[in-house]
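Colleague: Below is one structure. I have some questions about it.
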Amino acid sequence: MKANREIRIEALKRVLNGRWFGRMLIVMVIVSAASNLANGVVDAFYKTAGIQTWMDYMAAKAQAMRSGLEYAVPSAAVARQMCGSTAFQMFIGFIFGGIAVYGMTCVVLKAAKEDERGWCRDSMGGFARPLGVAWLGFVLFVRIFLWSLLLFVPGVVASYRYSQCWNLKVEHPEWGASQCLAESGRMMAGRKMQRFRLDLYFLVIAVALILAILPVELLAVSVGGLFGGLLDMVSRLLSMAAIVLMVLWMSVARAVFYRALKHDREVGNVEVRHD
């Protein structure tokens with residue numbers, strides 16, 4: 001298995017490749033725009049039709065309590081309507097959230113493999129199988145949530161156990177959610193701590209970025225005026241560019257980690273067959 005340092009260096013080379021950096025940004029923008037558009041259409045329809053969800057009810061109730069007003073308890077019919085509208089909103093969220101995760105996973109995997117064949121078409125593959133990616137996202141969420149009910153640590157362990165399921169779904173679109181999750185668990189056996197250390201490295205970088213940006217923001221506030229505004233704008237643009245670069249670097253590093261896992265597993269299988 002490759003060391004994390006090798007994984008990070010290989011991933012950084014892929015990200016700094018101008019072609020793949022642009023392609024990852026294109027896919028990120030497309031899938032994010034599709035997800036935001038779908039959720040916006042649902043929200044607009046609900047507002048136009050006067051349909052309320054449980055989130056709307058809780059927000060209105062909290063606002064009423066802050067204002068010292070009473071808020072009526074919904075009737076059984078209204079509660080059923082809110083359950084239905086909330087369920088449909090979550091369904092749309094899982095569909096387009098799955099499409100977005102599938103698209104980004106596909107393009108970073110192709111970047112890790114330097115496979116330029118049909119990178120855009122394949123990254124949009126989630127649109128061709130929306131129910132499959134939605135079901136995988138839902139089952140993954142439920143399993144991690146149920147483990148998290150025990151304690152925080154079991155939830156974290158479960159998230160690492162199932163961390164390869166989207167990579168497996170991209171490479172095997174015909175697989176169901178259970179098969180992807182089961183294979184991810186087998187691949188991550190004994191490798192969770194290495195993956196945790198890989199993620200921890202990027203967490204430290206994120207904290208360092210925040211600490212580096214904070215003095216500049218404070219200086220912009222203290223200076224004020226035109227210069228302060230320009231300084232604030234420049235710092236925000238630079239910080240946004242740094243965050244995007246770091247997110248893409250981390251995503252490709254995870255894809256390189258997956259490929260290293262897959263390679264070790266294949267080599268291990270070959271050795272077992274020869275024995």
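How things are named: the first chain in the structure tokens is A, the next is B, and so on; residues count from 1 in each chain; ligands count from 1 in the order shown.
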Quick one: pick out all alpha helix (DSSP H) residues within stretch 44-269 of chain A from a backbone DSSP run and write them as a ChimeraX atom specification.
Modeller: /A:44-49,54-66,76-113,119-123,130-150,152-161,165-171,177-187,192-223,225-269
Colleague: Can you pull out the residues contacting A:Leu230? Cut-off 12 Å, using only C-alpha atoms, and skip same-chain residues under 3 positions away; I want them as a list of chain:residue names.
Modeller: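 The residues satisfying every condition are A:Val216, A:Glu217, A:Leu219, A:Ala220, A:Val221, A:Val223, A:Gly224, A:Gly225, A:Leu226, A:Phe227, A:Met233, A:Val234, A:Ser235, A:Arg236, A:Leu237.
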Colleague: Counting only C-alpha atoms, which residues of stretch 31-120 of chain A fall within 12 Å of stretch 156-164 of chain A, and what is the closest atom pair for each with its distance in Å at one decimal, ordered by chain and rising number, as a tab-separated table?
Modeller:
```
residue	atom	partner	partner_atom	distance
A:Tyr102	CA	A:Gln164	CA	12.0
A:Thr105	CA	A:Gln164	CA	10.1
A:Leu109	CA	A:Gln164	CA	11.6
```
Colleague: Sorted by chain and rising residue number, which residues of stretch 97-154 of chain A lie within 12 Å of stretch 27-39 of chain A, and what are their closest atom pairs and distances in Å to one decimal, counting only C-alpha atoms, as CSV?
Modeller:
```
residue,atom,partner,partner_atom,distance
A:Gly97,CA,A:Ser35,CA,6.6
A:Gly98,CA,A:Ser35,CA,9.4
A:Ile99,CA,A:Val31,CA,6.9
A:Ala100,CA,A:Val31,CA,4.9
A:Val101,CA,A:Val31,CA,8.4
A:Tyr102,CA,A:Val31,CA,9.2
A:Gly103,CA,A:Val27,CA,6.7
A:Met104,CA,A:Met28,CA,6.4
A:Thr105,CA,A:Val27,CA,10.0
A:Cys106,CA,A:Val27,CA,9.5
A:Val107,CA,A:Val27,CA,7.4
A:Val108,CA,A:Val27,CA,9.9
A:Trp119,CA,A:Val27,CA,9.5
A:Cys120,CA,A:Val27,CA,7.3
A:Arg121,CA,A:Val27,CA,10.1
A:Asp122,CA,A:Val27,CA,10.5
A:Ser123,CA,A:Val27,CA,7.1
A:Met124,CA,A:Val31,CA,8.0
A:Gly125,CA,A:Val31,CA,10.9
A:Gly126,CA,A:Val31,CA,9.5
A:Phe127,CA,A:Val31,CA,9.6
```
Colleague: Nearest residue to A:Ala134 out of A:Lys169, A:Arg23, A:Lys110, A:Arg259, using only C-alpha atoms?
Modeller: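 So, comparing all the options, the nearest one is A:Lys169.
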Colleague: Within 12 Å of A:Lys61, counting only C-alpha atoms, which residues qualify if same-chain residues fewer than 5 places away don't, as a list of chain:residue names?
Modeller: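 Close residues of A:Lys61: A:Trp54, A:Met55, A:Asp56, A:Arg66, A:Ser67, A:Gly68, A:Leu69, A:Glu70, A:Tyr71, A:Ala72, A:Val73, A:Pro74.
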Colleague: With N, CA and C atoms retained, could you export that selection as an mmCIF file, in the first residue's frame?
Modeller:
```cif
data_model
loop_
_atom_site.group_PDB
_atom_site.id
_atom_site.type_symbol
_atom_site.label_atom_id
_atom_site.label_comp_id
_atom_site.auth_asym_id
_atom_site.auth_seq_id
_atom_site.Cartn_x
_atom_site.Cartn_y
_atom_site.Cartn_z
ATOM 1 N N TRP A 54 -42.165 20.219 7.260
ATOM 2 C CA TRP A 54 -41.880 20.238 8.692
ATOM 3 C C TRP A 54 -40.770 21.228 9.019
ATOM 4 N N MET A 55 -39.819 21.411 8.096
ATOM 5 C CA MET A 55 -38.759 22.406 8.336
ATOM 6 C C MET A 55 -39.343 23.815 8.386
ATOM 7 N N ASP A 56 -40.303 24.099 7.486
ATOM 8 C CA ASP A 56 -40.966 25.406 7.506
ATOM 9 C C ASP A 56 -41.723 25.609 8.819
ATOM 10 N N ARG A 66 -39.615 33.158 19.701
ATOM 11 C CA ARG A 66 -38.711 34.288 19.961
ATOM 12 C C ARG A 66 -39.484 35.600 20.099
ATOM 13 N N SER A 67 -40.617 35.683 19.389
ATOM 14 C CA SER A 67 -41.435 36.896 19.440
ATOM 15 C C SER A 67 -42.438 36.868 20.580
ATOM 16 N N GLY A 68 -42.474 35.789 21.343
ATOM 17 C CA GLY A 68 -43.402 35.667 22.454
ATOM 18 C C GLY A 68 -44.821 35.366 22.025
ATOM 19 N N LEU A 69 -44.969 34.781 20.836
ATOM 20 C CA LEU A 69 -46.295 34.453 20.320
ATOM 21 C C LEU A 69 -46.545 32.959 20.419
ATOM 22 N N GLU A 70 -47.811 32.600 20.417
ATOM 23 C CA GLU A 70 -48.165 31.186 20.409
ATOM 24 C C GLU A 70 -48.281 30.704 18.963
ATOM 25 N N TYR A 71 -47.929 29.443 18.756
ATOM 26 C CA TYR A 71 -48.005 28.868 17.416
ATOM 27 C C TYR A 71 -48.875 27.623 17.482
ATOM 28 N N ALA A 72 -49.883 27.584 16.633
ATOM 29 C CA ALA A 72 -50.878 26.513 16.702
ATOM 30 C C ALA A 72 -50.255 25.159 16.370
ATOM 31 N N VAL A 73 -50.699 24.139 17.095
ATOM 32 C CA VAL A 73 -50.277 22.767 16.798
ATOM 33 C C VAL A 73 -51.014 22.309 15.538
ATOM 34 N N PRO A 74 -50.307 21.731 14.549
ATOM 35 C CA PRO A 74 -50.972 21.343 13.297
ATOM 36 C C PRO A 74 -51.964 20.209 13.518
#
```
Colleague: Give the answer as one residue: which of A:Ile26, A:Cys83, A:Met58, A:Ala111 has the shortest atom-to-atom distance to A:Glu10, using only C-alpha atoms?
Modeller: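 Nearest to A:Glu10: A:Ala111.
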